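Structure below is query.cif: mmCIF, C-alpha atoms.
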data_query
#
loop_
_atom_site.label_atom_id
_atom_site.label_comp_id
_atom_site.auth_asym_id
_atom_site.auth_seq_id
_atom_site.Cartn_x
_atom_site.Cartn_y
_atom_site.Cartn_z
CA MET A 444 -46.82 -52.46 18.41
CA ILE A 445 -48.37 -49.61 20.42
CA ILE A 446 -45.59 -47.27 19.28
CA GLY A 447 -46.13 -48.31 15.66
CA ILE A 448 -49.85 -47.67 15.83
CA THR A 449 -49.27 -44.29 17.45
CA VAL A 450 -46.78 -43.18 14.76
CA PHE A 451 -49.12 -44.34 12.01
CA THR A 452 -51.98 -42.37 13.58
CA LEU A 453 -49.83 -39.20 13.78
CA LEU A 454 -48.74 -39.56 10.19
CA MET A 455 -52.29 -39.94 8.99
CA THR A 456 -53.38 -36.93 11.04
CA GLY A 457 -50.53 -34.83 9.56
CA CYS A 458 -51.49 -35.78 6.05
CA GLN A 459 -55.10 -34.60 6.36
CA PRO A 460 -54.49 -30.80 6.09
CA LYS A 461 -52.25 -31.39 3.11
CA ALA A 462 -55.02 -33.26 1.34
CA ASN A 463 -57.46 -30.48 2.10
CA ASP A 464 -54.97 -27.93 0.76
CA GLU A 465 -54.64 -29.83 -2.46
CA VAL A 466 -58.43 -29.79 -2.89
CA GLN A 467 -58.64 -26.09 -2.16
CA ASN A 468 -55.85 -25.27 -4.61
CA THR A 469 -57.92 -26.55 -7.50
CA ASN A 470 -59.86 -23.26 -7.30
CA PRO A 471 -58.22 -21.10 -10.00
CA SER A 472 -59.35 -17.89 -8.32
CA VAL A 473 -57.05 -18.51 -5.34
CA PRO A 474 -53.29 -18.49 -6.25
CA GLN A 475 -51.48 -21.51 -4.92
CA GLU A 476 -48.56 -19.52 -3.49
CA THR A 477 -50.94 -17.33 -1.46
CA VAL A 478 -52.60 -20.33 0.19
CA GLN A 479 -49.29 -22.03 0.92
CA GLY A 480 -47.69 -18.82 2.25
CA THR A 481 -44.50 -19.14 0.20
CA ASN A 482 -44.50 -15.76 -1.54
CA PRO A 483 -40.78 -14.98 -2.09
CA GLU A 484 -41.32 -11.26 -1.49
CA THR A 485 -43.02 -11.96 1.84
CA GLU A 486 -40.17 -14.25 2.88
CA ALA A 487 -37.49 -11.70 1.87
CA ILE A 488 -38.75 -9.06 4.29
CA SER A 489 -39.47 -11.28 7.28
CA PRO A 490 -38.02 -9.75 10.48
CA GLU A 491 -35.91 -12.83 11.18
CA LYS A 492 -34.05 -12.55 7.84
CA VAL A 493 -33.58 -8.77 8.09
CA GLU A 494 -31.98 -9.09 11.51
CA ALA A 495 -29.73 -12.04 10.58
CA SER A 496 -27.51 -10.13 8.15
CA PRO A 497 -26.08 -7.48 10.52
CA ILE A 498 -25.46 -10.10 13.19
CA ASP A 499 -23.51 -12.26 10.71
CA LYS A 500 -21.54 -9.29 9.39
CA GLU A 501 -20.54 -8.18 12.88
CA THR A 502 -19.41 -11.71 13.67
CA GLU A 503 -17.35 -11.81 10.48
CA LYS A 504 -15.73 -8.47 11.31
CA GLU A 505 -14.84 -9.56 14.85
CA ALA A 506 -13.34 -12.78 13.50
CA LEU A 507 -11.20 -10.85 11.00
CA MET A 508 -10.02 -8.43 13.68
CA SER A 509 -9.05 -11.35 15.90
CA LEU A 510 -6.98 -12.88 13.09
CA LEU A 511 -5.20 -9.53 12.62
CA LYS A 512 -4.47 -9.13 16.32
CA GLU A 513 -3.00 -12.64 16.41
CA GLY A 514 -0.92 -12.06 13.28
CA ARG A 515 -2.55 -14.93 11.40
CA MET A 516 -2.17 -13.14 8.10
CA VAL A 517 -2.58 -16.07 5.71
CA GLU A 518 -5.92 -16.96 7.29
CA TYR A 519 -6.93 -13.31 7.45
CA LYS A 520 -6.35 -12.71 3.75
CA THR A 521 -8.23 -15.90 2.84
CA VAL A 522 -11.24 -15.08 5.01
CA LEU A 523 -11.29 -11.42 3.92
CA THR A 524 -11.50 -12.47 0.28
CA ASN A 525 -14.65 -14.45 1.06
CA TYR A 526 -16.40 -11.67 2.98
CA ILE A 527 -14.97 -8.38 1.69
CA ASN A 528 -18.15 -7.56 -0.26
CA ASP A 529 -20.20 -7.76 2.94
CA PHE A 530 -18.59 -4.62 4.39
CA ASP A 531 -19.04 -0.97 3.55
CA GLN A 532 -16.12 1.35 2.75
CA THR A 533 -15.77 2.65 6.32
CA GLU A 534 -15.45 -0.89 7.66
CA ILE A 535 -12.91 -1.87 5.01
CA ASP A 536 -10.91 1.28 5.77
CA ALA A 537 -10.82 0.29 9.44
CA LEU A 538 -9.60 -3.23 8.63
CA PHE A 539 -6.89 -1.86 6.32
CA VAL A 540 -5.66 0.62 8.95
CA MET A 541 -5.50 -2.16 11.52
CA HIS A 542 -3.75 -4.46 9.04
CA GLN A 543 -1.05 -1.93 8.16
CA ALA A 544 -0.60 -0.95 11.80
CA TYR A 545 0.15 -4.58 12.68
CA LEU A 546 2.74 -4.85 9.89
CA ARG A 547 4.42 -1.62 11.01
CA GLU A 548 4.46 -2.65 14.65
CA HIS A 549 6.20 -5.95 13.93
CA LEU A 550 8.50 -4.80 11.11
CA THR A 551 11.56 -4.20 13.32
CA ASP A 552 11.27 -7.67 14.84
CA GLU A 553 11.01 -9.17 11.36
CA ILE A 554 14.10 -7.27 10.17
CA ASP A 555 16.10 -8.40 13.20
CA LEU A 556 15.58 -12.04 12.22
CA TYR A 557 17.65 -11.47 9.06
CA TYR A 558 20.63 -10.23 11.06
CA SER A 559 20.76 -12.93 13.72
CA ASP A 560 23.78 -15.23 13.95
CA ASP A 561 21.72 -18.19 12.72
CA MET A 562 20.93 -16.38 9.48
CA ALA A 563 24.41 -15.08 8.67
CA GLY A 564 24.46 -16.79 5.26
CA ILE A 565 20.97 -15.88 4.13
CA HIS A 566 22.00 -12.71 2.30
CA ALA A 567 24.50 -14.46 0.04
CA GLU A 568 21.97 -17.17 -0.73
CA LEU A 569 19.32 -14.58 -1.57
CA ILE A 570 21.71 -12.77 -3.91
CA ALA A 571 22.45 -16.04 -5.69
CA ALA A 572 18.76 -16.90 -5.93
CA LEU A 573 17.93 -13.49 -7.45
CA SER A 574 20.97 -13.20 -9.70
CA ASP A 575 18.83 -13.59 -12.83
CA GLN A 576 16.66 -10.59 -11.92
CA ALA A 577 17.30 -6.95 -12.75
CA SER A 578 16.22 -5.91 -9.26
CA TYR A 579 16.69 -7.42 -5.83
CA ILE A 580 13.22 -6.39 -4.68
CA VAL A 581 10.72 -9.18 -4.03
CA TYR A 582 7.05 -8.26 -3.70
CA GLY A 583 3.54 -8.89 -4.96
CA SER A 584 1.56 -11.90 -6.10
CA ASP A 585 4.43 -14.14 -7.26
CA LYS A 586 6.93 -13.36 -4.50
CA LEU A 587 6.73 -16.86 -3.00
CA LYS A 588 8.56 -18.23 -6.05
CA LEU A 589 11.70 -17.07 -4.29
CA VAL A 590 11.26 -19.73 -1.60
CA ASP A 591 11.75 -22.55 -4.13
CA LYS A 592 15.04 -20.99 -5.30
CA LEU A 593 16.63 -21.21 -1.85
CA GLN A 594 18.64 -24.25 -0.74
CA THR A 595 18.91 -23.99 3.05
CA GLU A 596 15.75 -25.12 4.83
CA SER A 597 16.02 -22.61 7.69
CA TYR A 598 16.40 -19.77 5.18
CA LYS A 599 13.44 -21.02 3.17
CA ALA A 600 11.29 -21.17 6.30
CA LEU A 601 12.16 -17.61 7.33
CA VAL A 602 11.64 -16.12 3.86
CA GLN A 603 8.31 -17.91 3.47
CA LYS A 604 7.13 -16.67 6.85
CA THR A 605 8.17 -13.10 6.00
CA LEU A 606 6.51 -13.03 2.60
CA GLU A 607 3.31 -14.75 3.73
CA SER A 608 3.02 -12.33 6.65
CA GLY A 609 2.65 -9.44 4.21
CA TYR A 610 6.18 -8.14 3.85
CA ALA A 611 8.35 -7.61 0.80
CA LEU A 612 12.12 -8.14 0.69
CA ASP A 613 14.35 -5.26 -0.32
CA SER A 614 18.13 -5.02 -0.55
CA GLY A 615 20.82 -2.53 0.25
CA GLU A 616 24.60 -2.72 0.57
CA GLY A 617 24.66 -6.47 0.00
CA SER A 618 22.01 -7.47 2.53
CA PHE A 619 18.25 -7.98 2.55
CA TYR A 620 15.59 -6.68 4.87
CA PRO A 621 11.77 -6.89 5.02
CA GLN A 622 9.53 -3.92 4.40
CA LEU A 623 5.78 -3.52 3.99
CA ASP A 624 4.47 -5.03 0.77
CA TYR A 625 2.32 -2.12 -0.39
CA SER A 626 1.70 -3.89 -3.68
CA GLU A 627 0.04 -6.79 -1.86
CA LEU A 628 -1.97 -4.47 0.37
CA LEU A 629 -3.23 -2.61 -2.70
CA SER A 630 -4.22 -5.90 -4.33
CA VAL A 631 -6.05 -7.10 -1.21
CA TYR A 632 -8.11 -3.94 -0.69
CA GLU A 633 -8.24 -2.24 -4.12
CA GLY A 634 -11.76 -1.27 -5.16
CA HIS A 635 -13.04 -1.26 -1.59
CA LEU A 636 -10.95 1.46 0.10
CA SER A 637 -11.69 5.17 0.31
CA GLU A 638 -9.74 7.33 -2.13
CA GLN A 639 -7.26 8.66 0.43
CA TYR A 640 -6.08 5.17 1.39
CA ARG A 641 -6.18 3.82 -2.15
CA GLY A 642 -4.12 6.78 -3.32
CA TYR A 643 -1.63 6.29 -0.51
CA LEU A 644 -1.14 2.61 -1.38
CA SER A 645 -0.76 3.39 -5.09
CA LEU A 646 2.04 5.88 -4.40
CA MET A 647 3.83 3.65 -1.92
CA SER A 648 3.46 0.63 -4.20
CA GLU A 649 5.11 2.51 -7.07
CA ASP A 650 8.05 3.46 -4.86
CA LEU A 651 8.37 -0.14 -3.69
CA LYS A 652 8.61 -1.38 -7.28
CA GLN A 653 10.91 1.42 -8.42
CA PRO A 654 12.40 3.47 -5.57
CA LEU A 655 13.37 7.08 -6.23
CA THR A 656 16.78 6.37 -4.76
CA THR A 657 18.99 3.35 -4.24
CA GLU A 658 21.54 3.71 -1.45
CA GLU A 659 21.00 7.50 -1.58
CA TYR A 660 21.59 7.78 -5.33
CA LEU A 661 18.86 8.84 -7.73
CA ALA A 662 17.52 5.65 -9.33
CA VAL A 663 14.91 7.00 -11.78
CA ASP A 664 15.05 9.17 -14.87
CA LEU A 665 14.06 12.84 -14.74
CA GLU A 666 10.59 12.33 -16.22
CA THR A 667 9.80 9.74 -13.56
CA LEU A 668 11.17 12.03 -10.85
CA LYS A 669 8.93 14.87 -12.04
CA ALA A 670 5.87 12.63 -12.29
CA ARG A 671 6.43 11.27 -8.77
CA MET A 672 6.91 14.73 -7.26
CA TYR A 673 3.72 15.94 -8.93
CA ALA A 674 1.86 12.89 -7.61
CA TYR A 675 3.17 13.31 -4.05
CA GLU A 676 2.34 17.00 -3.92
CA ASP A 677 -1.07 16.47 -5.52
CA TYR A 678 -1.85 13.84 -2.88
CA LEU A 679 -0.82 16.15 -0.05
CA GLN A 680 -2.89 18.99 -1.48
CA THR A 681 -5.94 16.74 -1.72
CA PHE A 682 -5.67 14.56 1.39
CA GLY A 683 -2.76 15.97 3.43
CA LYS A 684 -4.62 17.61 6.28
CA GLN A 685 -7.13 14.78 6.68
CA ILE A 686 -4.62 11.92 6.58
CA LYS A 687 -2.22 13.80 8.86
CA LYS A 688 -5.05 13.95 11.39
CA ASP A 689 -6.26 10.36 10.92
CA GLN A 690 -3.02 8.51 10.15
CA PRO A 691 0.07 10.70 10.76
CA GLU A 692 2.47 7.88 9.87
CA MET A 693 0.96 7.58 6.39
CA PHE A 694 1.16 11.34 5.96
CA GLU A 695 4.82 11.22 6.94
CA ASP A 696 5.50 8.47 4.39
CA ILE A 697 4.29 10.68 1.53
CA ARG A 698 5.96 13.82 2.91
CA ILE A 699 9.29 11.98 3.09
CA GLN A 700 8.91 10.79 -0.49
CA LEU A 701 8.34 14.36 -1.68
CA SER A 702 11.26 15.53 0.44
CA VAL A 703 13.55 12.96 -1.22
CA GLY A 704 12.38 14.21 -4.61
CA ILE A 705 13.05 17.81 -3.61
CA TRP A 706 16.57 17.03 -2.41
CA ASN A 707 17.54 15.28 -5.64
CA THR A 708 16.03 18.14 -7.63
CA VAL A 709 17.92 20.94 -5.87
CA ASN A 710 21.21 19.08 -5.35
CA PRO A 711 22.48 18.00 -8.77
CA SER A 712 25.69 16.03 -8.55
CA LEU A 713 27.92 13.76 -10.55
CA SER A 714 26.86 10.77 -8.45
CA ASN A 715 23.15 11.14 -9.25
CA GLY A 716 23.86 11.66 -12.94
CA LEU A 717 22.59 15.24 -13.10
CA LEU A 718 25.99 16.76 -13.79
CA GLY A 719 28.14 15.88 -16.77
CA MET A 720 31.73 14.71 -16.54
CA ASP A 721 32.74 18.36 -16.77
CA TYR A 722 30.81 19.06 -13.55
CA TYR A 723 28.31 21.33 -15.27
CA PRO A 724 24.53 20.71 -15.31
CA THR A 725 23.45 18.68 -18.33
CA GLN A 726 21.15 20.25 -20.89
CA GLU A 727 18.59 17.58 -20.03
CA LEU A 728 18.63 18.80 -16.42
CA VAL A 729 18.09 22.41 -17.46
CA HIS A 730 15.12 21.36 -19.62
CA PHE A 731 13.79 19.38 -16.63
CA TYR A 732 13.77 22.52 -14.48
CA GLN A 733 12.31 24.67 -17.23
CA SER A 734 9.47 22.22 -17.89
CA ILE A 735 8.45 22.20 -14.20
CA ILE A 736 8.46 26.00 -14.12
CA GLU A 737 6.39 26.16 -17.31
CA ASP A 738 3.87 23.63 -15.95
CA ASP A 739 3.57 25.62 -12.70
CA GLN A 740 1.18 23.01 -11.31
CA TYR A 741 2.49 22.43 -7.80
CA PRO A 742 4.03 25.25 -5.76
CA ILE A 743 6.61 23.27 -3.76
CA THR A 744 7.97 21.42 -6.78
CA THR A 745 7.91 24.58 -8.89
CA GLU A 746 9.82 26.57 -6.26
CA ALA A 747 12.45 23.84 -6.01
CA ALA A 748 13.06 23.98 -9.78
CA SER A 749 13.00 27.80 -9.87
CA ARG A 750 15.51 28.30 -7.08
CA ILE A 751 18.10 25.80 -8.31
CA LEU A 752 17.77 27.04 -11.89
CA LYS A 753 18.48 30.58 -10.69
CA ILE A 754 21.69 29.34 -9.04
CA ILE A 755 22.67 27.63 -12.28
CA GLU A 756 22.09 30.83 -14.22
CA ASP A 757 23.58 33.31 -11.72
CA LYS A 758 26.46 31.31 -10.19
CA ARG A 759 27.36 28.90 -12.95
CA GLU A 760 31.11 29.47 -12.81
CA ASP A 761 31.17 29.76 -9.02
CA VAL A 762 29.66 26.40 -8.10
CA PHE A 763 30.12 24.26 -11.22
CA GLY A 764 33.05 23.13 -13.31
CA SER A 765 35.01 21.05 -10.79
CA ALA A 766 34.53 18.73 -7.85
CA GLU A 767 35.82 21.42 -5.49
CA LYS A 768 33.38 24.03 -6.76
CA THR A 769 30.37 21.73 -6.45
CA GLU A 770 31.08 21.47 -2.74
CA LEU A 771 30.01 25.13 -2.55
CA LEU A 772 26.64 24.13 -4.01
CA TYR A 773 25.82 21.77 -1.15
CA PRO A 774 24.94 24.40 1.52
CA MET A 775 22.84 26.30 -1.03
CA SER A 776 20.94 23.12 -1.88
CA GLN A 777 20.51 22.36 1.81
CA THR A 778 19.01 25.80 2.43
CA ILE A 779 16.47 25.37 -0.37
CA SER A 780 15.54 21.89 0.85
CA ASP A 781 15.13 23.05 4.46
CA ASP A 782 12.95 25.99 3.41
CA LEU A 783 10.66 23.82 1.31
CA ASN A 784 10.33 21.14 3.96
CA GLN A 785 9.35 23.82 6.46
CA LYS A 786 6.69 25.04 4.03
CA LEU A 787 5.40 21.51 3.73
CA LYS A 788 5.02 21.22 7.50
CA MET A 789 3.27 24.58 7.73
CA ALA A 790 0.92 23.82 4.83
CA TYR A 791 -0.46 20.67 6.38
#

Translate this file's structure into structure tokens.
Amino acid sequence: MIIGITVFTLLMTGCQPKANDEVQNTNPSVPQETVQGTNPETEAISPEKVEASPIDKETEKEALMSLLKEGRMVEYKTVLTNYINDFDQTEIDALFVMHQAYLREHLTDEIDLYYSDDMAGIHAELIAALSDQASYIVYGSDKLKLVDKLQTESYKALVQKTLESGYALDSGEGSFYPQLDYSELLSVYEGHLSEQYRGYLSLMSEDLKQPLTTEEYLAVDLETLKARMYAYEDYLQTFGKQIKKDQPEMFEDIRIQLSVGIWNTVNPSLSNGLLGMDYYPTQELVHFYQSIIEDDQYPITTEAASRILKIIEDKREDVFGSAEKTELLYPMSQTISDDLNQKLKMAY
């Protein structure tokens, strides 16, 4: 009873100021929100609220970095989606660099799993599962559909782990191996990265979807080859020195891509479809070289086209016309390629 009386007394005491407030608020000259102290603008700039945001953001960033370090990629991508708008571009760049570094660091271990004794049959099962596709490259947003096409549970578990971890599956010489899924990385970070990293991912994503070469043979048409070489050289001109300083492995990725383009440009052969069955350069190939020279947009690519076209014009009967003669072209092509790769290294 004493407790009840005490509570009742406290409640009545607490109600008294509220009653007084209600009386005072009947005065139209005094705005109600001013008396009650609930002005939204005043609340928005209170010191407690201003300080809370950076603390929360730092906590979020630390949590994301921990998930990356532990390789918990599914959780990382889910959490990042929820908080990505809280970070500025510099912070997103840092998370991306850390993300890609983790994938690179663990790529060899992931590849080794596909060549263990326990997984000897996985390659045949993957070929069967992908037999209805034009390409044996699995990447991007719908890549997990592959898991449902597999029959062996241990194979399904490995492929799911690989794909969810952020890798794609590529093929070569009848077997499959993981590589970085640049298409997924671009999707995760696009719109938030700085231009140098966004450009890098765009180029690498295109090569993932449609590689310049397949098992060392040119796998794209000449217009695509030219467009890619222009894009690689443009990227190096714009960002080469900076990205070589900040992320040398990314620089090397783009340099290698341009180098592959150069080699296929200066070494026409029957196997890459740039020589006809008579072992002479096709007219399409000659037009390809002439168009690059006329564009004259990028010095390395232009020099590659100019030097091989000069050989075609000056030594046509010496190095073309038979399989034996084309063997004489190889050291000339190698010299051009070596010279241009040296210029690339010196330029950046």

Could you tell me, as an MDAnalysis selection string, exactly which residues end up selected when the PyMOL selection byres ((chain A and resi 773) around 10) is applied to this structure? chainID A and resid 709:712 762 768:772 774:778

If I wrap all listed atoms of region 507-519 of chain A in a box with edges along x, y and z and add 3 Å on each side, what are its centre and edge lengths in Å to one decimal, as AutoDock Vina command-line options?
--center_x -6.1 --center_y -12.7 --center_z 11.1 --size_x 16.3 --size_y 14.5 --size_z 16.7

Any chance you could resolve the PyMOL selection byres ((chain A and resi 552-559) around 8) against this file and give the residues as a PyMOL selection string? chain A and resi 549-551+560-563+565+605+619-621

Export of the given selection (C-alpha atoms) as a PDB file, in the coordinates of the input:
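Result written to out38.pdb:
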ATOM      1  CA  HIS A 549       6.200  -5.950  13.930  1.00  0.00           C
ATOM      2  CA  LEU A 550       8.500  -4.800  11.110  1.00  0.00           C
ATOM      3  CA  THR A 551      11.560  -4.200  13.320  1.00  0.00           C
ATOM      4  CA  ASP A 560      23.780 -15.230  13.950  1.00  0.00           C
ATOM      5  CA  ASP A 561      21.720 -18.190  12.720  1.00  0.00           C
ATOM      6  CA  MET A 562      20.930 -16.380   9.480  1.00  0.00           C
ATOM      7  CA  ALA A 563      24.410 -15.080   8.670  1.00  0.00           C
ATOM      8  CA  ILE A 565      20.970 -15.880   4.130  1.00  0.00           C
ATOM      9  CA  THR A 605       8.170 -13.100   6.000  1.00  0.00           C
ATOM     10  CA  PHE A 619      18.250  -7.980   2.550  1.00  0.00           C
ATOM     11  CA  TYR A 620      15.590  -6.680   4.870  1.00  0.00           C
ATOM     12  CA  PRO A 621      11.770  -6.890   5.020  1.00  0.00           C
TER      13      PRO A 621
END

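Residues within 12 Å of Glu513 (chain A), counting all atoms listed in the file and excluding same-chain residues fewer than 5 positions away, are Ala506, Leu507, Met508, Glu518, Tyr519, Met541, His542, Tyr545, Leu546, His549 and Ser608 of chain A.
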
Do you have the CA of Glu568 (chain A)-CA of Leu612 (chain A) distance handy?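 Rounded to one decimal, the two atoms are 13.4 Å apart.
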
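Among the candidate residues A:Leu606, A:Val631, A:Phe731, A:Glu505, the one lying nearest to Leu523 (chain A) is A:Val631, with distances computed using only C-alpha atoms.
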
Quick one: which residues end up in the PyMOL selection byres ((chain A and resi 693-700) around 8) for this structure, as number ranges by chain? A: 643, 646-647, 675, 679, 683, 686-687, 690-692, 701-704, 787

Need the shell around Leu569 (chain A): protein/DNA/RNA residues with any atom at most 10 Å away, counting all atoms listed in the file. Skip same-chain ones fewer than 3 positions apart. Format as number ranges by chain? A: 564-566, 572-574, 579, 589-590, 592-594, 598-599, 602, 612, 614, 617-619

Create the file for the chosen residues now, containing C-alpha atoms and written as a PDB file, in the frame of the given file.
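So again.pdb came out as:
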ATOM      1  CA  GLY A 564      24.460 -16.790   5.260  1.00  0.00           C
ATOM      2  CA  ILE A 565      20.970 -15.880   4.130  1.00  0.00           C
ATOM      3  CA  HIS A 566      22.000 -12.710   2.300  1.00  0.00           C
ATOM      4  CA  ALA A 572      18.760 -16.900  -5.930  1.00  0.00           C
ATOM      5  CA  LEU A 573      17.930 -13.490  -7.450  1.00  0.00           C
ATOM      6  CA  SER A 574      20.970 -13.200  -9.700  1.00  0.00           C
ATOM      7  CA  TYR A 579      16.690  -7.420  -5.830  1.00  0.00           C
ATOM      8  CA  LEU A 589      11.700 -17.070  -4.290  1.00  0.00           C
ATOM      9  CA  VAL A 590      11.260 -19.730  -1.600  1.00  0.00           C
ATOM     10  CA  LYS A 592      15.040 -20.990  -5.300  1.00  0.00           C
ATOM     11  CA  LEU A 593      16.630 -21.210  -1.850  1.00  0.00           C
ATOM     12  CA  GLN A 594      18.640 -24.250  -0.740  1.00  0.00           C
ATOM     13  CA  TYR A 598      16.400 -19.770   5.180  1.00  0.00           C
ATOM     14  CA  LYS A 599      13.440 -21.020   3.170  1.00  0.00           C
ATOM     15  CA  VAL A 602      11.640 -16.120   3.860  1.00  0.00           C
ATOM     16  CA  LEU A 612      12.120  -8.140   0.690  1.00  0.00           C
ATOM     17  CA  SER A 614      18.130  -5.020  -0.550  1.00  0.00           C
ATOM     18  CA  GLY A 617      24.660  -6.470   0.000  1.00  0.00           C
ATOM     19  CA  SER A 618      22.010  -7.470   2.530  1.00  0.00           C
ATOM     20  CA  PHE A 619      18.250  -7.980   2.550  1.00  0.00           C
TER      21      PHE A 619
END

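The residue set within 10 Å of Tyr722 (chain A), counting only C-alpha atoms and dropping same-chain residues fewer than 2 places from it, reads Pro711, Ser712, Leu713, Leu717, Leu718, Gly719, Met720, Pro724, Thr725, Val762, Phe763, Gly764, Ser765, Ala766, Glu767, Lys768 and Thr769 of chain A.
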
Quick one: pull the distance between CA of Leu665 (chain A) and CA of Lys753 (chain A), Å, one decimal.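 These atoms are spaced 18.7 Å apart.
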
For Leu655 (chain A), which residue out of A:Met789, A:Glu760, A:Thr708, A:Tyr732 is the nearest one, using only C-alpha atoms?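 Going through A:Met789, A:Glu760, A:Thr708, A:Tyr732 one by one, the smallest distance to Leu655 (chain A) is for A:Thr708.
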
Between CA of Asp664 (chain A) and CA of Tyr791 (chain A), what is the distance in Å, rounded to a tenth?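 Separation between CA of Asp664 (chain A) and CA of Tyr791 (chain A): 28.7 Å.
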
Around (9.6, 7.6, -9.0) in the file's frame, which residues reach within 8 Å when counting all atoms listed in the file? Return as a list in words?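 The answer, in the requested form, is Glu649, Asp650, Gln653, Pro654, Leu655, Val663, Thr667, Leu668, Lys669, Ala670, Arg671 and Met672 of chain A.
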
Residues within 9 Å of Gln733 (chain A), only C-alpha atoms, excluding chain neighbours under 3 positions, as a list in words: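 Everything that qualifies: Leu728, Val729, His730, Ile736, Glu737, Asp738, Ala748, Ser749 and Leu752 of chain A.
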
Nearest-residue call for Leu783 (chain A), choices A:Gln685, A:Asn715, A:Thr744, A:Gln603, using only C-alpha atoms: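 Using only C-alpha atoms, the shortest distance to Leu783 (chain A) belongs to A:Thr744.
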
How about completing region 594-607 of chain A with N, CA and C atoms and giving it to me as a short mmCIF file (atom, residue, chain, number, x, y, z; two decimals), in the frame of the given file?
data_model
loop_
_atom_site.label_atom_id
_atom_site.label_comp_id
_atom_site.auth_asym_id
_atom_site.auth_seq_id
_atom_site.Cartn_x
_atom_site.Cartn_y
_atom_site.Cartn_z
N GLN A 594 18.16 -22.89 -1.00
CA GLN A 594 18.64 -24.25 -0.74
C GLN A 594 18.56 -24.63 0.74
N THR A 595 18.85 -23.70 1.61
CA THR A 595 18.91 -23.99 3.05
C THR A 595 17.51 -23.94 3.64
N GLU A 596 17.12 -25.00 4.33
CA GLU A 596 15.75 -25.12 4.83
C GLU A 596 15.39 -24.02 5.82
N SER A 597 16.33 -23.65 6.70
CA SER A 597 16.02 -22.61 7.69
C SER A 597 15.82 -21.26 7.01
N TYR A 598 16.57 -21.01 5.93
CA TYR A 598 16.40 -19.77 5.18
C TYR A 598 15.06 -19.77 4.46
N LYS A 599 14.72 -20.90 3.88
CA LYS A 599 13.44 -21.02 3.17
C LYS A 599 12.28 -20.76 4.13
N ALA A 600 12.37 -21.32 5.32
CA ALA A 600 11.29 -21.17 6.30
C ALA A 600 11.12 -19.70 6.71
N LEU A 601 12.24 -19.01 6.92
CA LEU A 601 12.16 -17.61 7.33
C LEU A 601 11.60 -16.74 6.20
N VAL A 602 12.11 -16.93 4.99
CA VAL A 602 11.64 -16.12 3.86
C VAL A 602 10.15 -16.36 3.61
N GLN A 603 9.73 -17.61 3.68
CA GLN A 603 8.31 -17.91 3.47
C GLN A 603 7.44 -17.24 4.53
N LYS A 604 7.88 -17.31 5.77
CA LYS A 604 7.13 -16.67 6.85
C LYS A 604 7.04 -15.16 6.62
N THR A 605 8.15 -14.55 6.24
CA THR A 605 8.17 -13.10 6.00
C THR A 605 7.22 -12.70 4.89
N LEU A 606 7.31 -13.39 3.77
CA LEU A 606 6.51 -13.03 2.60
C LEU A 606 5.02 -13.31 2.83
N GLU A 607 4.71 -14.42 3.47
CA GLU A 607 3.31 -14.75 3.73
C GLU A 607 2.69 -13.81 4.76
#
